[in-house]
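Visitor: The file below is work_34.txt, compact mmCIF, N, CA and C atoms:
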```txt
# COMPACT_ATOMS: atom_id res chain seq x y z
N MET A 1 21.81 8.08 -51.38
CA MET A 1 22.84 7.35 -50.69
C MET A 1 22.83 7.68 -49.19
N SER A 2 22.75 8.96 -48.90
CA SER A 2 22.70 9.39 -47.51
C SER A 2 21.40 8.94 -46.86
N ASP A 3 20.32 8.90 -47.65
CA ASP A 3 19.03 8.48 -47.14
C ASP A 3 19.07 7.02 -46.71
N ASP A 4 19.70 6.15 -47.47
CA ASP A 4 19.81 4.73 -47.11
C ASP A 4 20.65 4.56 -45.85
N LYS A 5 21.69 5.36 -45.73
CA LYS A 5 22.56 5.30 -44.57
C LYS A 5 21.80 5.73 -43.30
N ASP A 6 20.98 6.77 -43.45
CA ASP A 6 20.19 7.24 -42.31
C ASP A 6 19.16 6.20 -41.88
N ARG A 7 18.52 5.57 -42.85
CA ARG A 7 17.53 4.54 -42.53
C ARG A 7 18.18 3.34 -41.85
N ALA A 8 19.34 2.97 -42.30
CA ALA A 8 20.06 1.85 -41.70
C ALA A 8 20.45 2.17 -40.26
N SER A 9 20.92 3.39 -40.02
CA SER A 9 21.31 3.76 -38.65
C SER A 9 20.07 3.87 -37.75
N LEU A 10 18.93 4.33 -38.29
CA LEU A 10 17.70 4.38 -37.51
C LEU A 10 17.21 2.97 -37.16
N ALA A 11 17.31 2.07 -38.11
CA ALA A 11 16.90 0.69 -37.84
C ALA A 11 17.80 0.05 -36.79
N GLU A 12 19.08 0.33 -36.88
CA GLU A 12 20.03 -0.20 -35.89
C GLU A 12 19.73 0.39 -34.50
N LEU A 13 19.46 1.68 -34.45
CA LEU A 13 19.13 2.33 -33.19
C LEU A 13 17.84 1.76 -32.60
N GLU A 14 16.86 1.53 -33.43
CA GLU A 14 15.60 0.97 -32.96
C GLU A 14 15.79 -0.43 -32.39
N SER A 15 16.59 -1.24 -33.05
CA SER A 15 16.83 -2.60 -32.54
C SER A 15 17.58 -2.55 -31.21
N LYS A 16 18.50 -1.61 -31.05
CA LYS A 16 19.20 -1.47 -29.78
C LYS A 16 18.25 -1.01 -28.67
N LEU A 17 17.36 -0.08 -29.00
CA LEU A 17 16.39 0.39 -28.01
C LEU A 17 15.45 -0.73 -27.57
N VAL A 18 15.02 -1.55 -28.50
CA VAL A 18 14.15 -2.67 -28.16
C VAL A 18 14.88 -3.66 -27.26
N ALA A 19 16.15 -3.91 -27.56
CA ALA A 19 16.94 -4.84 -26.74
C ALA A 19 17.12 -4.29 -25.32
N VAL A 20 17.41 -3.02 -25.22
CA VAL A 20 17.59 -2.40 -23.90
C VAL A 20 16.27 -2.41 -23.12
N ALA A 21 15.17 -2.13 -23.78
CA ALA A 21 13.87 -2.11 -23.11
C ALA A 21 13.51 -3.50 -22.60
N SER A 22 13.73 -4.52 -23.39
CA SER A 22 13.40 -5.88 -22.94
C SER A 22 14.31 -6.32 -21.80
N LYS A 23 15.57 -5.93 -21.86
CA LYS A 23 16.50 -6.27 -20.78
C LYS A 23 16.09 -5.54 -19.50
N ARG A 24 15.66 -4.30 -19.65
CA ARG A 24 15.24 -3.53 -18.48
C ARG A 24 13.98 -4.14 -17.85
N GLU A 25 13.05 -4.59 -18.65
CA GLU A 25 11.85 -5.24 -18.12
C GLU A 25 12.21 -6.50 -17.35
N GLU A 26 13.18 -7.26 -17.84
CA GLU A 26 13.59 -8.48 -17.16
C GLU A 26 14.20 -8.18 -15.80
N THR A 27 15.05 -7.17 -15.73
CA THR A 27 15.74 -6.89 -14.48
C THR A 27 14.88 -6.10 -13.50
N HIS A 28 13.89 -5.35 -13.97
CA HIS A 28 13.08 -4.52 -13.10
C HIS A 28 11.68 -5.09 -12.87
N SER A 29 11.43 -6.30 -13.28
CA SER A 29 10.10 -6.86 -13.04
C SER A 29 9.94 -7.11 -11.54
N PRO A 30 8.76 -6.81 -10.99
CA PRO A 30 8.54 -6.88 -9.56
C PRO A 30 8.74 -8.27 -8.96
N ASN A 31 8.22 -9.28 -9.59
CA ASN A 31 8.34 -10.63 -9.05
C ASN A 31 8.51 -11.59 -10.22
N ARG A 32 9.74 -11.93 -10.50
CA ARG A 32 10.01 -12.76 -11.67
C ARG A 32 9.53 -14.19 -11.49
N ALA A 33 9.40 -14.67 -10.25
CA ALA A 33 8.99 -16.05 -10.02
C ALA A 33 7.53 -16.29 -10.41
N THR A 34 6.66 -15.37 -10.03
CA THR A 34 5.23 -15.57 -10.30
C THR A 34 4.74 -14.78 -11.50
N GLY A 35 5.46 -13.75 -11.88
CA GLY A 35 5.02 -12.90 -12.97
C GLY A 35 4.02 -11.86 -12.54
N LYS A 36 3.60 -11.88 -11.26
CA LYS A 36 2.66 -10.91 -10.74
C LYS A 36 3.42 -9.79 -10.04
N PRO A 37 2.83 -8.62 -9.96
CA PRO A 37 3.51 -7.53 -9.25
C PRO A 37 3.64 -7.85 -7.76
N SER A 38 4.73 -7.42 -7.20
CA SER A 38 4.99 -7.68 -5.78
C SER A 38 4.07 -6.85 -4.91
N GLN A 39 3.49 -7.47 -3.91
CA GLN A 39 2.57 -6.80 -3.01
C GLN A 39 3.19 -6.54 -1.65
N GLY A 40 4.42 -6.98 -1.43
CA GLY A 40 5.05 -6.86 -0.12
C GLY A 40 5.23 -5.42 0.34
N MET A 41 5.71 -4.57 -0.53
CA MET A 41 5.93 -3.18 -0.15
C MET A 41 4.61 -2.49 0.14
N ALA A 42 3.61 -2.75 -0.66
CA ALA A 42 2.30 -2.14 -0.44
C ALA A 42 1.70 -2.60 0.88
N LEU A 43 1.84 -3.87 1.20
CA LEU A 43 1.31 -4.40 2.45
C LEU A 43 2.05 -3.79 3.64
N GLY A 44 3.34 -3.67 3.54
CA GLY A 44 4.12 -3.06 4.62
C GLY A 44 3.76 -1.60 4.84
N MET A 45 3.56 -0.88 3.76
CA MET A 45 3.17 0.52 3.89
C MET A 45 1.77 0.64 4.50
N ARG A 46 0.88 -0.24 4.13
CA ARG A 46 -0.47 -0.18 4.68
C ARG A 46 -0.47 -0.50 6.17
N ILE A 47 0.31 -1.50 6.56
CA ILE A 47 0.37 -1.86 7.98
C ILE A 47 0.97 -0.71 8.79
N SER A 48 2.04 -0.10 8.29
CA SER A 48 2.64 1.01 9.03
C SER A 48 1.69 2.21 9.09
N ALA A 49 0.95 2.45 8.04
CA ALA A 49 -0.02 3.55 8.04
C ALA A 49 -1.14 3.28 9.04
N GLU A 50 -1.59 2.03 9.13
CA GLU A 50 -2.62 1.66 10.10
C GLU A 50 -2.14 1.91 11.52
N MET A 51 -0.90 1.50 11.80
CA MET A 51 -0.35 1.67 13.16
C MET A 51 -0.20 3.15 13.52
N ILE A 52 0.39 3.91 12.61
CA ILE A 52 0.64 5.33 12.88
C ILE A 52 -0.67 6.09 13.03
N ALA A 53 -1.62 5.82 12.16
CA ALA A 53 -2.90 6.54 12.21
C ALA A 53 -3.65 6.24 13.51
N ALA A 54 -3.65 4.99 13.92
CA ALA A 54 -4.38 4.63 15.14
C ALA A 54 -3.76 5.29 16.37
N VAL A 55 -2.43 5.31 16.45
CA VAL A 55 -1.77 5.94 17.59
C VAL A 55 -2.01 7.45 17.57
N LEU A 56 -1.95 8.07 16.40
CA LEU A 56 -2.20 9.51 16.31
C LEU A 56 -3.63 9.88 16.68
N VAL A 57 -4.58 9.08 16.26
CA VAL A 57 -5.97 9.35 16.61
C VAL A 57 -6.16 9.21 18.12
N GLY A 58 -5.59 8.17 18.71
CA GLY A 58 -5.65 8.01 20.16
C GLY A 58 -4.99 9.16 20.89
N LEU A 59 -3.86 9.62 20.38
CA LEU A 59 -3.15 10.75 20.97
C LEU A 59 -4.00 12.02 20.93
N LEU A 60 -4.61 12.28 19.79
CA LEU A 60 -5.43 13.49 19.66
C LEU A 60 -6.69 13.43 20.53
N ILE A 61 -7.34 12.28 20.58
CA ILE A 61 -8.53 12.16 21.41
C ILE A 61 -8.16 12.32 22.88
N GLY A 62 -7.09 11.66 23.32
CA GLY A 62 -6.65 11.78 24.70
C GLY A 62 -6.26 13.20 25.06
N TRP A 63 -5.56 13.86 24.19
CA TRP A 63 -5.15 15.26 24.44
C TRP A 63 -6.37 16.17 24.55
N ALA A 64 -7.33 16.00 23.64
CA ALA A 64 -8.52 16.84 23.66
C ALA A 64 -9.35 16.60 24.92
N LEU A 65 -9.52 15.34 25.31
CA LEU A 65 -10.28 15.05 26.52
C LEU A 65 -9.56 15.57 27.76
N ASP A 66 -8.24 15.47 27.79
CA ASP A 66 -7.48 16.02 28.91
C ASP A 66 -7.65 17.52 29.02
N ARG A 67 -7.67 18.20 27.89
CA ARG A 67 -7.86 19.66 27.90
C ARG A 67 -9.25 20.03 28.41
N VAL A 68 -10.25 19.28 27.98
CA VAL A 68 -11.63 19.59 28.36
C VAL A 68 -11.90 19.22 29.81
N LEU A 69 -11.46 18.04 30.22
CA LEU A 69 -11.78 17.54 31.56
C LEU A 69 -10.75 17.90 32.62
N GLY A 70 -9.57 18.38 32.21
CA GLY A 70 -8.53 18.77 33.15
C GLY A 70 -7.84 17.61 33.84
N THR A 71 -7.76 16.48 33.21
CA THR A 71 -7.10 15.29 33.79
C THR A 71 -5.73 15.07 33.16
N THR A 72 -4.96 16.08 33.10
CA THR A 72 -3.83 16.27 32.21
C THR A 72 -3.13 15.03 31.66
N PRO A 73 -2.37 14.22 32.32
CA PRO A 73 -1.70 13.20 31.49
C PRO A 73 -2.47 11.91 31.34
N TRP A 74 -3.49 11.68 32.14
CA TRP A 74 -4.04 10.34 32.25
C TRP A 74 -4.83 9.89 31.03
N LEU A 75 -5.71 10.69 30.53
CA LEU A 75 -6.48 10.27 29.36
C LEU A 75 -5.61 10.21 28.11
N LEU A 76 -4.60 11.06 28.04
CA LEU A 76 -3.67 11.02 26.91
C LEU A 76 -2.94 9.68 26.89
N VAL A 77 -2.44 9.27 28.04
CA VAL A 77 -1.72 7.99 28.13
C VAL A 77 -2.67 6.83 27.82
N LEU A 78 -3.86 6.88 28.40
CA LEU A 78 -4.84 5.82 28.16
C LEU A 78 -5.19 5.68 26.69
N PHE A 79 -5.46 6.80 26.03
CA PHE A 79 -5.87 6.73 24.63
C PHE A 79 -4.71 6.42 23.69
N VAL A 80 -3.49 6.75 24.07
CA VAL A 80 -2.34 6.33 23.26
C VAL A 80 -2.22 4.81 23.29
N PHE A 81 -2.40 4.22 24.48
CA PHE A 81 -2.36 2.76 24.56
C PHE A 81 -3.52 2.11 23.82
N LEU A 82 -4.71 2.69 23.94
CA LEU A 82 -5.85 2.18 23.18
C LEU A 82 -5.61 2.29 21.68
N GLY A 83 -5.03 3.40 21.24
CA GLY A 83 -4.72 3.58 19.82
C GLY A 83 -3.68 2.57 19.34
N ALA A 84 -2.68 2.32 20.18
CA ALA A 84 -1.67 1.32 19.81
C ALA A 84 -2.30 -0.07 19.71
N GLY A 85 -3.20 -0.37 20.63
CA GLY A 85 -3.89 -1.66 20.56
C GLY A 85 -4.76 -1.77 19.32
N ALA A 86 -5.48 -0.70 19.01
CA ALA A 86 -6.31 -0.71 17.80
C ALA A 86 -5.45 -0.82 16.54
N GLY A 87 -4.31 -0.13 16.55
CA GLY A 87 -3.40 -0.22 15.40
C GLY A 87 -2.84 -1.62 15.24
N GLY A 88 -2.50 -2.25 16.35
CA GLY A 88 -2.01 -3.63 16.29
C GLY A 88 -3.06 -4.58 15.78
N LEU A 89 -4.30 -4.40 16.23
CA LEU A 89 -5.40 -5.24 15.75
C LEU A 89 -5.64 -5.02 14.25
N ASN A 90 -5.61 -3.77 13.81
CA ASN A 90 -5.79 -3.48 12.38
C ASN A 90 -4.65 -4.08 11.56
N ALA A 91 -3.42 -3.99 12.06
CA ALA A 91 -2.28 -4.56 11.35
C ALA A 91 -2.41 -6.08 11.25
N TYR A 92 -2.89 -6.70 12.33
CA TYR A 92 -3.10 -8.15 12.32
C TYR A 92 -4.16 -8.52 11.27
N ARG A 93 -5.25 -7.76 11.25
CA ARG A 93 -6.31 -8.03 10.28
C ARG A 93 -5.81 -7.90 8.85
N VAL A 94 -5.01 -6.87 8.60
CA VAL A 94 -4.48 -6.67 7.25
C VAL A 94 -3.54 -7.81 6.88
N ALA A 95 -2.65 -8.18 7.81
CA ALA A 95 -1.67 -9.22 7.53
C ALA A 95 -2.33 -10.59 7.30
N LYS A 96 -3.39 -10.87 8.02
CA LYS A 96 -4.07 -12.15 7.87
C LYS A 96 -5.14 -12.15 6.78
N GLY A 97 -5.45 -10.99 6.24
CA GLY A 97 -6.44 -10.91 5.18
C GLY A 97 -7.86 -10.82 5.70
N PHE A 98 -8.02 -10.47 6.98
CA PHE A 98 -9.36 -10.35 7.56
C PHE A 98 -9.95 -8.97 7.36
N ASP A 99 -9.23 -8.07 6.73
CA ASP A 99 -9.68 -6.69 6.63
C ASP A 99 -10.95 -6.54 5.82
N SER A 100 -11.25 -7.47 4.93
CA SER A 100 -12.47 -7.36 4.14
C SER A 100 -13.53 -8.35 4.63
N ALA A 101 -13.33 -8.94 5.80
CA ALA A 101 -14.28 -9.92 6.30
C ALA A 101 -15.50 -9.28 6.96
N VAL A 102 -15.41 -8.00 7.29
CA VAL A 102 -16.52 -7.32 7.96
C VAL A 102 -16.77 -6.00 7.25
N GLY A 103 -17.93 -5.43 7.51
CA GLY A 103 -18.24 -4.09 7.03
C GLY A 103 -18.40 -4.00 5.53
N LEU A 104 -17.95 -2.89 4.99
CA LEU A 104 -18.13 -2.60 3.57
C LEU A 104 -17.39 -3.60 2.69
N GLY A 105 -16.20 -4.02 3.11
CA GLY A 105 -15.44 -4.99 2.33
C GLY A 105 -16.20 -6.29 2.14
N ARG A 106 -16.88 -6.73 3.19
CA ARG A 106 -17.67 -7.95 3.10
C ARG A 106 -18.86 -7.76 2.18
N ALA A 107 -19.53 -6.62 2.32
CA ALA A 107 -20.70 -6.35 1.48
C ALA A 107 -20.31 -6.28 0.00
N MET A 108 -19.18 -5.66 -0.28
CA MET A 108 -18.73 -5.57 -1.67
C MET A 108 -18.34 -6.95 -2.20
N GLY A 109 -17.73 -7.77 -1.35
CA GLY A 109 -17.37 -9.12 -1.76
C GLY A 109 -18.59 -9.96 -2.06
N GLU A 110 -19.63 -9.83 -1.23
CA GLU A 110 -20.87 -10.57 -1.46
C GLU A 110 -21.54 -10.11 -2.75
N ARG A 111 -21.47 -8.81 -3.01
CA ARG A 111 -22.08 -8.28 -4.24
C ARG A 111 -21.35 -8.84 -5.47
N LYS A 112 -20.02 -8.89 -5.40
CA LYS A 112 -19.24 -9.42 -6.53
C LYS A 112 -19.55 -10.88 -6.76
N GLN A 113 -19.66 -11.65 -5.68
CA GLN A 113 -19.99 -13.08 -5.82
C GLN A 113 -21.37 -13.27 -6.39
N GLY A 114 -22.32 -12.42 -5.99
CA GLY A 114 -23.68 -12.50 -6.50
C GLY A 114 -23.74 -12.17 -7.98
N ASP A 115 -22.87 -11.26 -8.43
CA ASP A 115 -22.84 -10.90 -9.85
C ASP A 115 -22.31 -12.04 -10.71
N LYS A 116 -21.43 -12.87 -10.15
CA LYS A 116 -20.82 -13.96 -10.92
C LYS A 116 -21.81 -15.10 -11.16
N ASP A 117 -22.77 -15.28 -10.27
CA ASP A 117 -23.70 -16.41 -10.39
C ASP A 117 -24.64 -16.28 -11.52
```
Once you've parsed the file, please lay out its structure as structure tokens.

Guide:
Amino acid sequence: MSDDKDRASLAELESKLVAVASKREETHSPNRATGKPSQGMALGMRISAEMIAAVLVGLLIGWALDRVLGTTPWLLVLFVFLGAGAGGLNAYRVAKGFDSAVGLGRAMGERKQGDKD
């Protein structure tokens, strides 16, 4: 008698868990309109990482050259602006989808297309 009661309560619990899980999937799905995962956050993070990395690289190169050549603020300022420009160009390429149009991305794309034929 107790065994039947336990099985019934387990079945009821399982049905509730399935209902909660399906409801959670509906409310937490990334993009309900298309059914595909949302790429907006990933794209934004990549663009910000491109900008920050380019400026930091320019800053470090300018600082190092200033230390070596003794031209204290000038090369630092120049390379920070060059880094910002490079970061902006990289962000533009990522946003427009041109990031795989050159270099390794292009070669890998050509290889994939060749495999499909």

Visitor: Do a neighbour search on Ala95 in chain A at 8 Å with all atoms listed in the file, toss out local chain neighbours closer than 4 positions, and write the hits as a ChimeraX atom specification.

Guide: /A:43,47,89-91,99

Visitor: Using only N, CA and C atoms, pick whichever of A:Pro73, A:Gly97, A:Gly83, A:Gly44 has the shortest atom-to-atom distance to Val57 in chain A.

Guide: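 For Val57 in chain A, the nearest of the candidates is A:Gly83.
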
Visitor: I'd like the contact shell of Leu65 in chain A - 8 Å cut-off, only N, CA and C atoms, skipping same-chain residues fewer than 6 positions apart - returned as a VMD selection string.

Guide: chain A and resid 59 71 to 72 75 to 76

Visitor: Rounded to one decimal in Å, what is the spacing between atom C of Leu60 in chain A and CA of Phe79 in chain A?

Guide: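 Computing the Euclidean distance for atom C of Leu60 in chain A and CA of Phe79 in chain A yields 7.9 Å.
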
Visitor: Find the residues near range 54-56 of chain A: any atom within 8 Å, counting all atoms listed in the file, skip ones fewer than 5 places away on the same chain, and give them as a PDB file with N, CA and C atoms, in the frame of the given file.

Guide:
```pdb
ATOM      1  N   SER A  48       2.040  -0.100   8.290  1.00  0.00           N
ATOM      2  CA  SER A  48       2.640   1.010   9.030  1.00  0.00           C
ATOM      3  C   SER A  48       1.690   2.210   9.090  1.00  0.00           C
ATOM      4  N   ALA A  49       0.950   2.450   8.040  1.00  0.00           N
ATOM      5  CA  ALA A  49      -0.020   3.550   8.040  1.00  0.00           C
ATOM      6  C   ALA A  49      -1.140   3.280   9.040  1.00  0.00           C
ATOM      7  N   ILE A  61      -7.340  12.280  20.580  1.00  0.00           N
ATOM      8  CA  ILE A  61      -8.530  12.160  21.410  1.00  0.00           C
ATOM      9  C   ILE A  61      -8.160  12.320  22.880  1.00  0.00           C
ATOM     10  N   GLY A  62      -7.090  11.660  23.320  1.00  0.00           N
ATOM     11  CA  GLY A  62      -6.650  11.780  24.700  1.00  0.00           C
ATOM     12  C   GLY A  62      -6.260  13.200  25.060  1.00  0.00           C
ATOM     13  N   PHE A  79      -5.460   6.800  26.030  1.00  0.00           N
ATOM     14  CA  PHE A  79      -5.870   6.730  24.630  1.00  0.00           C
ATOM     15  C   PHE A  79      -4.710   6.420  23.690  1.00  0.00           C
ATOM     16  N   VAL A  80      -3.490   6.750  24.070  1.00  0.00           N
ATOM     17  CA  VAL A  80      -2.340   6.330  23.260  1.00  0.00           C
ATOM     18  C   VAL A  80      -2.220   4.810  23.290  1.00  0.00           C
ATOM     19  N   PHE A  81      -2.400   4.220  24.480  1.00  0.00           N
ATOM     20  CA  PHE A  81      -2.360   2.760  24.560  1.00  0.00           C
ATOM     21  C   PHE A  81      -3.520   2.110  23.820  1.00  0.00           C
ATOM     22  N   LEU A  82      -4.710   2.690  23.940  1.00  0.00           N
ATOM     23  CA  LEU A  82      -5.850   2.180  23.180  1.00  0.00           C
ATOM     24  C   LEU A  82      -5.610   2.290  21.680  1.00  0.00           C
ATOM     25  N   GLY A  83      -5.030   3.400  21.240  1.00  0.00           N
ATOM     26  CA  GLY A  83      -4.720   3.580  19.820  1.00  0.00           C
ATOM     27  C   GLY A  83      -3.680   2.570  19.340  1.00  0.00           C
ATOM     28  N   ALA A  84      -2.680   2.320  20.180  1.00  0.00           N
ATOM     29  CA  ALA A  84      -1.670   1.320  19.810  1.00  0.00           C
ATOM     30  C   ALA A  84      -2.300  -0.070  19.710  1.00  0.00           C
ATOM     31  N   GLY A  85      -3.200  -0.370  20.630  1.00  0.00           N
ATOM     32  CA  GLY A  85      -3.890  -1.660  20.560  1.00  0.00           C
ATOM     33  C   GLY A  85      -4.760  -1.770  19.320  1.00  0.00           C
ATOM     34  N   ALA A  86      -5.480  -0.700  19.010  1.00  0.00           N
ATOM     35  CA  ALA A  86      -6.310  -0.710  17.800  1.00  0.00           C
ATOM     36  C   ALA A  86      -5.450  -0.820  16.540  1.00  0.00           C
ATOM     37  N   GLY A  87      -4.310  -0.130  16.550  1.00  0.00           N
ATOM     38  CA  GLY A  87      -3.400  -0.220  15.400  1.00  0.00           C
ATOM     39  C   GLY A  87      -2.840  -1.620  15.240  1.00  0.00           C
ATOM     40  N   GLY A  88      -2.500  -2.250  16.350  1.00  0.00           N
ATOM     41  CA  GLY A  88      -2.010  -3.630  16.290  1.00  0.00           C
ATOM     42  C   GLY A  88      -3.060  -4.580  15.780  1.00  0.00           C
TER      43      GLY A  88
END
```

Visitor: Just to confirm, what's the straight-line distance from CA of Trp74 in chain A to CA of Gly58 in chain A in Å (one decimal)?

Guide: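 Distance reported for this atom pair: 12.4 Å.
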
Visitor: Suppose you want the space between atom N of Glu14 in chain A and atom C of Ser2 in chain A; what is it in Å?

Guide: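 Spanning atom N of Glu14 in chain A to atom C of Ser2 in chain A is a straight-line distance of 16.0 Å.
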
Visitor: Can you patch up range 45-67 of chain A, filling it in to N, CA, C and O atoms, and show the result as an mmCIF file, keeping the file's coordinate frame?

Guide:
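Wrote rebuild_5.cif, looks like this:
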```
data_model
loop_
_atom_site.group_PDB
_atom_site.id
_atom_site.type_symbol
_atom_site.label_atom_id
_atom_site.label_comp_id
_atom_site.auth_asym_id
_atom_site.auth_seq_id
_atom_site.Cartn_x
_atom_site.Cartn_y
_atom_site.Cartn_z
ATOM 1 N N MET A 45 3.560 -0.880 3.760
ATOM 2 C CA MET A 45 3.170 0.520 3.890
ATOM 3 C C MET A 45 1.770 0.640 4.500
ATOM 4 O O MET A 45 1.517 1.524 5.308
ATOM 5 N N ARG A 46 0.880 -0.240 4.130
ATOM 6 C CA ARG A 46 -0.470 -0.180 4.680
ATOM 7 C C ARG A 46 -0.470 -0.500 6.170
ATOM 8 O O ARG A 46 -1.144 0.163 6.957
ATOM 9 N N ILE A 47 0.310 -1.500 6.560
ATOM 10 C CA ILE A 47 0.370 -1.860 7.980
ATOM 11 C C ILE A 47 0.970 -0.710 8.790
ATOM 12 O O ILE A 47 0.461 -0.367 9.858
ATOM 13 N N SER A 48 2.040 -0.100 8.290
ATOM 14 C CA SER A 48 2.640 1.010 9.030
ATOM 15 C C SER A 48 1.690 2.210 9.090
ATOM 16 O O SER A 48 1.606 2.883 10.127
ATOM 17 N N ALA A 49 0.950 2.450 8.040
ATOM 18 C CA ALA A 49 -0.020 3.550 8.040
ATOM 19 C C ALA A 49 -1.140 3.280 9.040
ATOM 20 O O ALA A 49 -1.587 4.192 9.751
ATOM 21 N N GLU A 50 -1.590 2.030 9.130
ATOM 22 C CA GLU A 50 -2.620 1.660 10.100
ATOM 23 C C GLU A 50 -2.140 1.910 11.520
ATOM 24 O O GLU A 50 -2.858 2.459 12.355
ATOM 25 N N MET A 51 -0.900 1.500 11.800
ATOM 26 C CA MET A 51 -0.350 1.670 13.160
ATOM 27 C C MET A 51 -0.200 3.150 13.520
ATOM 28 O O MET A 51 -0.611 3.581 14.588
ATOM 29 N N ILE A 52 0.390 3.910 12.610
ATOM 30 C CA ILE A 52 0.640 5.330 12.880
ATOM 31 C C ILE A 52 -0.670 6.090 13.030
ATOM 32 O O ILE A 52 -0.834 6.897 13.944
ATOM 33 N N ALA A 53 -1.620 5.820 12.160
ATOM 34 C CA ALA A 53 -2.900 6.540 12.210
ATOM 35 C C ALA A 53 -3.650 6.240 13.510
ATOM 36 O O ALA A 53 -4.203 7.145 14.138
ATOM 37 N N ALA A 54 -3.650 4.990 13.920
ATOM 38 C CA ALA A 54 -4.380 4.630 15.140
ATOM 39 C C ALA A 54 -3.760 5.290 16.370
ATOM 40 O O ALA A 54 -4.463 5.812 17.240
ATOM 41 N N VAL A 55 -2.430 5.310 16.450
ATOM 42 C CA VAL A 55 -1.770 5.940 17.590
ATOM 43 C C VAL A 55 -2.010 7.450 17.570
ATOM 44 O O VAL A 55 -2.287 8.063 18.610
ATOM 45 N N LEU A 56 -1.950 8.070 16.400
ATOM 46 C CA LEU A 56 -2.200 9.510 16.310
ATOM 47 C C LEU A 56 -3.630 9.880 16.680
ATOM 48 O O LEU A 56 -3.865 10.878 17.376
ATOM 49 N N VAL A 57 -4.580 9.080 16.260
ATOM 50 C CA VAL A 57 -5.970 9.350 16.610
ATOM 51 C C VAL A 57 -6.160 9.210 18.120
ATOM 52 O O VAL A 57 -6.804 10.048 18.768
ATOM 53 N N GLY A 58 -5.590 8.170 18.710
ATOM 54 C CA GLY A 58 -5.650 8.010 20.160
ATOM 55 C C GLY A 58 -4.990 9.160 20.890
ATOM 56 O O GLY A 58 -5.507 9.663 21.901
ATOM 57 N N LEU A 59 -3.860 9.620 20.380
ATOM 58 C CA LEU A 59 -3.150 10.750 20.970
ATOM 59 C C LEU A 59 -4.000 12.020 20.930
ATOM 60 O O LEU A 59 -4.135 12.720 21.933
ATOM 61 N N LEU A 60 -4.610 12.280 19.790
ATOM 62 C CA LEU A 60 -5.430 13.490 19.660
ATOM 63 C C LEU A 60 -6.690 13.430 20.530
ATOM 64 O O LEU A 60 -7.062 14.428 21.151
ATOM 65 N N ILE A 61 -7.340 12.280 20.580
ATOM 66 C CA ILE A 61 -8.530 12.160 21.410
ATOM 67 C C ILE A 61 -8.160 12.320 22.880
ATOM 68 O O ILE A 61 -8.825 13.035 23.643
ATOM 69 N N GLY A 62 -7.090 11.660 23.320
ATOM 70 C CA GLY A 62 -6.650 11.780 24.700
ATOM 71 C C GLY A 62 -6.260 13.200 25.060
ATOM 72 O O GLY A 62 -6.606 13.705 26.138
ATOM 73 N N TRP A 63 -5.560 13.860 24.190
ATOM 74 C CA TRP A 63 -5.150 15.260 24.440
ATOM 75 C C TRP A 63 -6.370 16.170 24.550
ATOM 76 O O TRP A 63 -6.452 16.996 25.462
ATOM 77 N N ALA A 64 -7.330 16.000 23.640
ATOM 78 C CA ALA A 64 -8.520 16.840 23.660
ATOM 79 C C ALA A 64 -9.350 16.600 24.920
ATOM 80 O O ALA A 64 -9.811 17.555 25.560
ATOM 81 N N LEU A 65 -9.520 15.340 25.310
ATOM 82 C CA LEU A 65 -10.280 15.050 26.520
ATOM 83 C C LEU A 65 -9.560 15.570 27.760
ATOM 84 O O LEU A 65 -10.200 16.044 28.709
ATOM 85 N N ASP A 66 -8.240 15.470 27.790
ATOM 86 C CA ASP A 66 -7.480 16.020 28.910
ATOM 87 C C ASP A 66 -7.650 17.520 29.020
ATOM 88 O O ASP A 66 -7.766 18.066 30.115
ATOM 89 N N ARG A 67 -7.670 18.200 27.890
ATOM 90 C CA ARG A 67 -7.860 19.660 27.900
ATOM 91 C C ARG A 67 -9.250 20.030 28.410
ATOM 92 O O ARG A 67 -9.411 20.966 29.172
#
```
